[in-house]
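As structure tokens, the structure follows; a few thoughts come after it.
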Amino acid sequence: MAPANPTTTPPGVWPGTAYPLGATYDGAGTNFSLFSEVARRVELCLLDDDDRETRIPLDEVDGYVWHAYLPGIEPGQRYGFRVHGKFQPELGLRCDPSKLLLDPYGKAFVGDYGASAAPYNYGQNTLGHTMAGVVINPFFDWADDRAPRQPYHRTVIYEAHVKGMTITHPEVPPELRGTFAGMAHPAIVEHLLRLGITAVELMPVHQFLHDRMLLDRGLRNYWGYNSFGYFAPHREYASSNAPGAAVTEFKAMVRAFHAAGIEVILDVVYNHTAEGNEFGPTLSFRGIDNAAYYRLVDDDPQHYMDYTGTGNSFNMRHPHALQLIMDSLRYWVLDMHVDGFRFDLAATLARELHDVDRLSTFFDLVHQDPVVSQVKLIAEPWDVGEGGYQVGNFPAAWTEWNGKYRDTVRDYWRGQPATLGEFASRLTGSSDLYEVTGRRPSASINFVTAHDGFTLADLVSYNDKHNDANGEGNHDGETYNRSWNCGVEGPTEDPEILALRARQSRNLLATLMLSQGTPMLLHGDEIGRTQHGNNNAYCQDSALAWMDWSGMHTHADLLEFTRRAVALRTAHPVFRRRRFFDGRPAPGQDHPLDIAWFTPDGAAMTDTDWETGFGRSLAVFLNGDGIREPGPRGEHIGDDSFLLCFNAHDRTLPFILPDSGYGNAWSVELDCSTPTGAPADTAARPAAARVDVAARCLLVLRRTA
């Protein structure tokens with residue numbers, strides 16, 4: 001049933017154009033364009049400040065795109081659409097003209113969703129119970145903004161949450177906390193620069209919905225993996241309520257990061273939308289063209305295919321769904337100046353039929369696109385469907401969150417048996433996963449912690465999840481965390497356990513920064529952020545999940561250690577090679593090899609040593625003279641040589657340094673047994689000397705002669 005008493009259509013409506021889709025202001029008026037193959041009639045609805053509608057029939061239709069141009073319609077104008085057509089869910093048709101529908105190409109939104117059931121029920125008018133699109137001013141003074149274009153092998157990623165990073169920072173003005181403007185504040189930028197960060201990966205900033213289920217429990221969708229506005233920055237992250245303010249503030253944030261040499265990567269959620277399954281709200285896509293935008297069950301189209309665990313999956317088989325994603329990606333690069341994307345549950349994007357296909361249409365489109373193919377493309381290489389775990393199987397232009405790296409490094413440092421061979425592979429860039437597809441070590445996005453799971457502090461403090469605050473009976477979240485509480489579950493005042501936890505944290509951070517590949521640090525790990533054992537804080541928009549900046553003081557040693565470890569990586573190309581080790585000597589030399597592995601007694605590792613289930617210690621020599629790849633101007637790259645001594649045993653072990661063929665003298669560069677990593681002893685050690693490596697400790701030595 002259509003809403004009653006709209007106002008009359010104003011004069012002066014021009015035909016307009018079918019492209020670009022959405023609302024496009026040109027300085028004199030606005031073109032409106034909407035795709036729907038199933039619509040019988042489409043109305044553009046202009047809203048005034050009192051939510052009164054002016055409905056304008058879109059009589060021009062080209063290729064199922066309904067459009068009109070309205071002179072004089074300027075930025076700030078609120079709007080939506082009403083789509084008339086069949087409502088036959090059993091056939092996959094869900095048109096409902098009682099719903100004020102959001103523009104899939106909307107650049108900004110205003111309003112909010114209340115407790116009304118109208119979006120969930122057929123025939124109930126949603127005017128006043130939904131958001132509305134806003135025409136934006138596309139013009140912005142970018143000044144001399146330039147993309148940093150940091151190559152992967154020099155990249156250090158910092159995964160961050162816009163609100164969580166800024167909401168409690170004492171130097172960020174209260175009115176800017178929790179916003180894009182807060183992220184751009186010099187205090188935040190300076191913190192990242194002092195850490196050595198080159199790229200910020202922002203958790204979802206596309207406009208998203210707070211689930212009704214969570215709101216009923218007094219919670220919110222904090223993480224934001226519930227998008228519906230793929231062109232619009234989330235309006236709650238704007239410091240101003242002015243229509244379209246989020247767009248301007250986002251651009252200003254990017255400009256500020258670029259001025260500091262920091263790239264901006266967006267975590268994007270194209271695999272599903274906030275409309276959920278057949279019981280979810282009708283906000284946009286469902287009422288515009290349900291079967292075009294969503295994967296429906298082939299023999300029962302009233303239901304949705306769900307490869308994501310969220311109720312629906314975007315339809316990667318339909319050209320207009322694919323077009324929307326590609327248009328969105330290009331918009332964020334060209335208009336918003338972002339530097340790359342991390343694709344949530346990216347395996348879903350490769351499902352054209354049922355199986356994951358790395359040669360699917362989506363990836364073909366990305367590879368052929370002259371804009372999108374040139375930015376950083378990072379896959380979360382799994383989903384919840386059958387065959388969804390696809391680590392190592394993405395196409396050549398892509399990098400991947402390396403879940404195997406996370407699992408192996410956690411297992412090694414908590415003392416799991418039979419991990420040495422796997423650990424060595426992950427430490428050296430996971431060639432077993434990426435080399436066969438022509439990729440390089442940087443294809444491995446290495447991480448030990450991320451938003452999903454324990455923080456670093458919790459990883460060494462809890463064996464089990466403690467998610468009771470989520471209101472789901474502690475049934476949500478991963479049960480098998482590969483964590484170790486070091487002897488006591490949760491908080492303790494035992495100095496020995498606290499010292500062990502601190503050392504384990506340093507071990508994990510140092511391993512991450514000194515591994516080949518591209519490291520990613522979780523926001524707050526450098527200052528001991530804890531979620532008190534909650535490993536699924538998706539709904540915790542509270543101090544439980546926010547950054548506690550007092551950690552800058554209470555965990556000052558950890559912060560200094562993190563800076564030291566990142567600086568060591570940044571200063572030495574031997575830790576960030578562009579190509580895999582090949583086991584050959586340096587150019588023009590017979591010895592030593594570019595990499596060599598040793599037992600603690602100084603002997604070369606044998607097959608038996610690698611296969612020993614109880615083995616927990618080894619050393620690796622990285623030859624700074626053995627870097628074969630040239631620099632950016634074709635120059636030879638030379639570096640210091642290093643020996644990394646890994647001891648995951650529960651007791652101190654003596655390590656014998658390699659003989660003089662590998663170097664005549666060594667000095668400690670990083671010591672994970674000290675609070676800041678500063679060497680406890682800087683004296684030079686001769687070849688074949690004994691060096692004691694503390695229990696559960698990584699010791700890094702540099703060749704000095």
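If you're wondering about the labels, chains in the structure tokens are A, B, ... by order shown, residues count from 1 in each chain, ligands from 1 in order shown.
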Q.
What's around Tyr113 (chain A) at 10 Å? Count only C-alpha atoms, leave out sequence neighbours fewer than 6 positions away in its own chain, and write the answer as a PyMOL selection string.
A. chain A and resi 119+126+128-131+209-212
Write a file of the selected residues as a PDB file, in the first residue's frame, keeping C-alpha atoms.
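New file out.pdb:
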```
ATOM      1  CA  PRO A 119      10.934  -1.543   7.899  1.00  0.00           C
ATOM      2  CA  THR A 126       8.724   3.845   6.694  1.00  0.00           C
ATOM      3  CA  GLY A 128      10.011   8.950   9.588  1.00  0.00           C
ATOM      4  CA  HIS A 129      11.293   5.504  10.561  1.00  0.00           C
ATOM      5  CA  THR A 130      14.243   5.272   8.225  1.00  0.00           C
ATOM      6  CA  MET A 131      17.238   7.267   7.077  1.00  0.00           C
ATOM      7  CA  LEU A 209      23.170  -0.258  10.606  1.00  0.00           C
ATOM      8  CA  HIS A 210      22.951  -1.028  14.310  1.00  0.00           C
ATOM      9  CA  ASP A 211      21.150  -4.370  14.433  1.00  0.00           C
ATOM     10  CA  ARG A 212      17.734  -4.344  16.068  1.00  0.00           C
TER      11      ARG A 212
END
```
Q.
Just list as a PyMOL selection string whatever in region 17-86 of chain A DSSP marks as strand (DSSP E or B).
A. chain A and resi 22-25+29-35+41-47+53-57+60-62+65-71+78-84
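Proximity to Val372 (chain A) at 9 Å, evaluated using only C-alpha atoms and with sequence-adjacent residues fewer than 5 positions away removed, yields A:Met326, A:Leu329, A:Arg330, A:Val333, A:Gly340, A:Val366, A:His367, A:Leu377.
Distances from A:Leu193, A:Leu322, A:Ala502, A:Leu593 to Leu365 (chain A) were compared using only C-alpha atoms, and the smallest one belongs to A:Leu322.
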Q. Running DSSP on the backbone, which parts of region 536-663 of chain A land in alpha helix (DSSP H), as number ranges by chain?
A. A: 551-554, 556-571, 607-611
Limited to N, CA, C and O atoms, could you put the picked residues into a file as a CSV table (one decimal), in the first residue's frame?
```
chain,number,residue,atom,x,y,z
A,551,GLY,N,47.4,3.7,28.9
A,551,GLY,CA,48.5,2.7,28.7
A,551,GLY,C,49.8,3.3,28.2
A,551,GLY,O,50.8,2.7,28.2
A,552,MET,N,49.7,4.6,27.6
A,552,MET,CA,50.9,5.2,27.2
A,552,MET,C,51.9,5.4,28.4
A,552,MET,O,53.1,5.4,28.2
A,553,HIS,N,51.4,5.4,29.6
A,553,HIS,CA,52.2,5.6,30.8
A,553,HIS,C,52.4,4.2,31.5
A,553,HIS,O,53.5,3.9,31.9
A,554,THR,N,51.3,3.5,31.7
A,554,THR,CA,51.3,2.3,32.4
A,554,THR,C,52.1,1.2,31.6
A,554,THR,O,52.6,0.2,32.2
A,556,ALA,N,54.5,2.0,29.2
A,556,ALA,CA,55.5,2.8,28.5
A,556,ALA,C,56.6,1.9,27.9
A,556,ALA,O,57.1,2.1,26.8
A,557,ASP,N,57.0,0.9,28.7
A,557,ASP,CA,58.1,0.0,28.2
A,557,ASP,C,57.6,-0.8,27.0
A,557,ASP,O,58.4,-0.9,26.0
A,558,LEU,N,56.4,-1.3,27.0
A,558,LEU,CA,55.9,-2.0,25.8
A,558,LEU,C,55.8,-1.1,24.6
A,558,LEU,O,56.2,-1.5,23.5
A,559,LEU,N,55.4,0.1,24.8
A,559,LEU,CA,55.3,1.1,23.7
A,559,LEU,C,56.7,1.4,23.1
A,559,LEU,O,56.9,1.4,21.9
A,560,GLU,N,57.7,1.5,24.0
A,560,GLU,CA,59.1,1.7,23.6
A,560,GLU,C,59.6,0.5,22.8
A,560,GLU,O,60.3,0.6,21.8
A,561,PHE,N,59.3,-0.7,23.3
A,561,PHE,CA,59.7,-1.9,22.7
A,561,PHE,C,59.1,-2.0,21.3
A,561,PHE,O,59.8,-2.3,20.3
A,562,THR,N,57.8,-1.7,21.1
A,562,THR,CA,57.2,-1.7,19.8
A,562,THR,C,57.8,-0.8,18.9
A,562,THR,O,58.1,-1.1,17.7
A,563,ARG,N,58.1,0.4,19.3
A,563,ARG,CA,58.8,1.4,18.5
A,563,ARG,C,60.2,0.9,18.0
A,563,ARG,O,60.6,1.0,16.9
A,564,ARG,N,60.9,0.2,19.0
A,564,ARG,CA,62.2,-0.3,18.7
A,564,ARG,C,62.1,-1.4,17.6
A,564,ARG,O,63.0,-1.5,16.7
A,565,ALA,N,61.2,-2.3,17.8
A,565,ALA,CA,61.0,-3.4,16.9
A,565,ALA,C,60.7,-2.9,15.5
A,565,ALA,O,61.2,-3.4,14.5
A,566,VAL,N,59.7,-2.0,15.4
A,566,VAL,CA,59.3,-1.5,14.1
A,566,VAL,C,60.5,-0.7,13.4
A,566,VAL,O,60.8,-0.9,12.2
A,567,ALA,N,61.2,0.0,14.2
A,567,ALA,CA,62.4,0.8,13.7
A,567,ALA,C,63.5,-0.1,13.2
A,567,ALA,O,64.1,0.2,12.2
A,568,LEU,N,63.6,-1.3,13.8
A,568,LEU,CA,64.6,-2.3,13.4
A,568,LEU,C,64.2,-2.8,12.0
A,568,LEU,O,65.1,-2.9,11.1
A,569,ARG,N,63.0,-3.1,11.8
A,569,ARG,CA,62.5,-3.5,10.5
A,569,ARG,C,62.7,-2.5,9.5
A,569,ARG,O,63.2,-2.7,8.3
A,570,THR,N,62.3,-1.2,9.8
A,570,THR,CA,62.3,-0.1,8.8
A,570,THR,C,63.7,0.1,8.4
A,570,THR,O,64.0,0.5,7.2
A,571,ALA,N,64.7,0.0,9.3
A,571,ALA,CA,66.1,0.4,9.0
A,571,ALA,C,66.8,-0.7,8.2
A,571,ALA,O,67.9,-0.4,7.6
A,607,ASP,N,67.2,-32.7,8.6
A,607,ASP,CA,65.8,-33.1,8.5
A,607,ASP,C,65.3,-33.6,9.8
A,607,ASP,O,64.1,-33.4,10.2
A,608,THR,N,66.1,-34.3,10.5
A,608,THR,CA,65.7,-34.9,11.8
A,608,THR,C,65.4,-33.8,12.8
A,608,THR,O,64.4,-33.8,13.5
A,609,ASP,N,66.3,-32.7,12.8
A,609,ASP,CA,66.0,-31.6,13.7
A,609,ASP,C,64.7,-30.9,13.4
A,609,ASP,O,63.9,-30.6,14.3
A,610,TRP,N,64.4,-30.8,12.1
A,610,TRP,CA,63.1,-30.1,11.7
A,610,TRP,C,61.9,-31.0,12.1
A,610,TRP,O,60.8,-30.4,12.5
A,611,GLU,N,62.1,-32.3,12.1
A,611,GLU,CA,60.9,-33.2,12.4
A,611,GLU,C,60.8,-33.5,13.8
A,611,GLU,O,59.8,-34.2,14.2
```
**Q.** Spatial neighbours of Arg410 (chain A), max dist 10 Å, only C-alpha atoms, sep filter under 3 positions, as an MDAnalysis selection string
**A.** chainID A and resid 404:407 413:416 423 448:449 459:460 481:484 504 508
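Using only C-alpha atoms, the contacts of region 595-606 of chain A at a cut-off of 7 Å, with sequence neighbours closer than 5 positions omitted, comprise Phe581, Gly583, Ser617, Leu618, Ala619, Val620, Phe621, Leu622, Asn623, Pro654, Phe655, Ile656, Leu657 and Pro658 of chain A.
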Store the residues picked out above in a file with N, CA, C and O atoms, as a compact mmCIF listing (two decimals), in the first residue's frame.
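Result file selection20.txt:
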```
# COMPACT_ATOMS: atom_id res chain seq x y z
N PHE A 581 63.74 -15.89 -0.15
CA PHE A 581 65.07 -16.48 -0.05
C PHE A 581 65.18 -17.62 -1.05
O PHE A 581 64.21 -18.36 -1.30
N GLY A 583 68.19 -19.69 -0.95
CA GLY A 583 69.16 -20.66 -0.45
C GLY A 583 70.48 -20.65 -1.18
O GLY A 583 71.25 -21.60 -1.10
N SER A 617 63.48 -24.66 19.80
CA SER A 617 64.48 -23.61 19.68
C SER A 617 65.28 -23.76 18.40
O SER A 617 65.57 -24.89 17.97
N LEU A 618 65.62 -22.66 17.80
CA LEU A 618 66.45 -22.65 16.60
C LEU A 618 66.97 -21.24 16.38
O LEU A 618 66.50 -20.27 17.00
N ALA A 619 67.97 -21.13 15.51
CA ALA A 619 68.53 -19.83 15.12
C ALA A 619 68.50 -19.72 13.61
O ALA A 619 68.63 -20.73 12.90
N VAL A 620 68.33 -18.50 13.13
CA VAL A 620 68.31 -18.28 11.68
C VAL A 620 69.26 -17.12 11.35
O VAL A 620 69.23 -16.07 12.00
N PHE A 621 70.13 -17.36 10.38
CA PHE A 621 71.07 -16.36 9.90
C PHE A 621 70.49 -15.70 8.66
O PHE A 621 70.10 -16.38 7.70
N LEU A 622 70.40 -14.38 8.66
CA LEU A 622 69.91 -13.61 7.52
C LEU A 622 71.08 -12.80 6.97
O LEU A 622 71.61 -11.92 7.65
N ASN A 623 71.46 -13.12 5.74
CA ASN A 623 72.65 -12.56 5.13
C ASN A 623 72.33 -11.22 4.46
O ASN A 623 71.66 -11.17 3.43
N PRO A 654 71.78 -22.23 26.18
CA PRO A 654 72.96 -21.66 25.53
C PRO A 654 72.87 -21.83 24.01
O PRO A 654 72.50 -22.90 23.52
N PHE A 655 73.14 -20.77 23.27
CA PHE A 655 73.23 -20.83 21.82
C PHE A 655 74.69 -20.60 21.42
O PHE A 655 75.34 -19.69 21.97
N ILE A 656 75.18 -21.39 20.51
CA ILE A 656 76.52 -21.22 19.98
C ILE A 656 76.44 -20.43 18.68
O ILE A 656 75.73 -20.82 17.75
N LEU A 657 77.17 -19.32 18.64
CA LEU A 657 77.14 -18.49 17.44
C LEU A 657 77.81 -19.22 16.27
O LEU A 657 78.68 -20.07 16.48
N PRO A 658 77.42 -18.93 15.04
CA PRO A 658 78.03 -19.59 13.88
C PRO A 658 79.54 -19.34 13.84
O PRO A 658 80.05 -18.37 14.42
```
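With CA of Val268 (chain A) on one side and CA of Gln207 (chain A) on the other, the separation reads 10.7 Å.
Candidate residues A:Leu514, A:Met547, A:Ala424, A:Val134 were compared for distance to Asp48 (chain A), and the nearest is A:Val134, using only C-alpha atoms.
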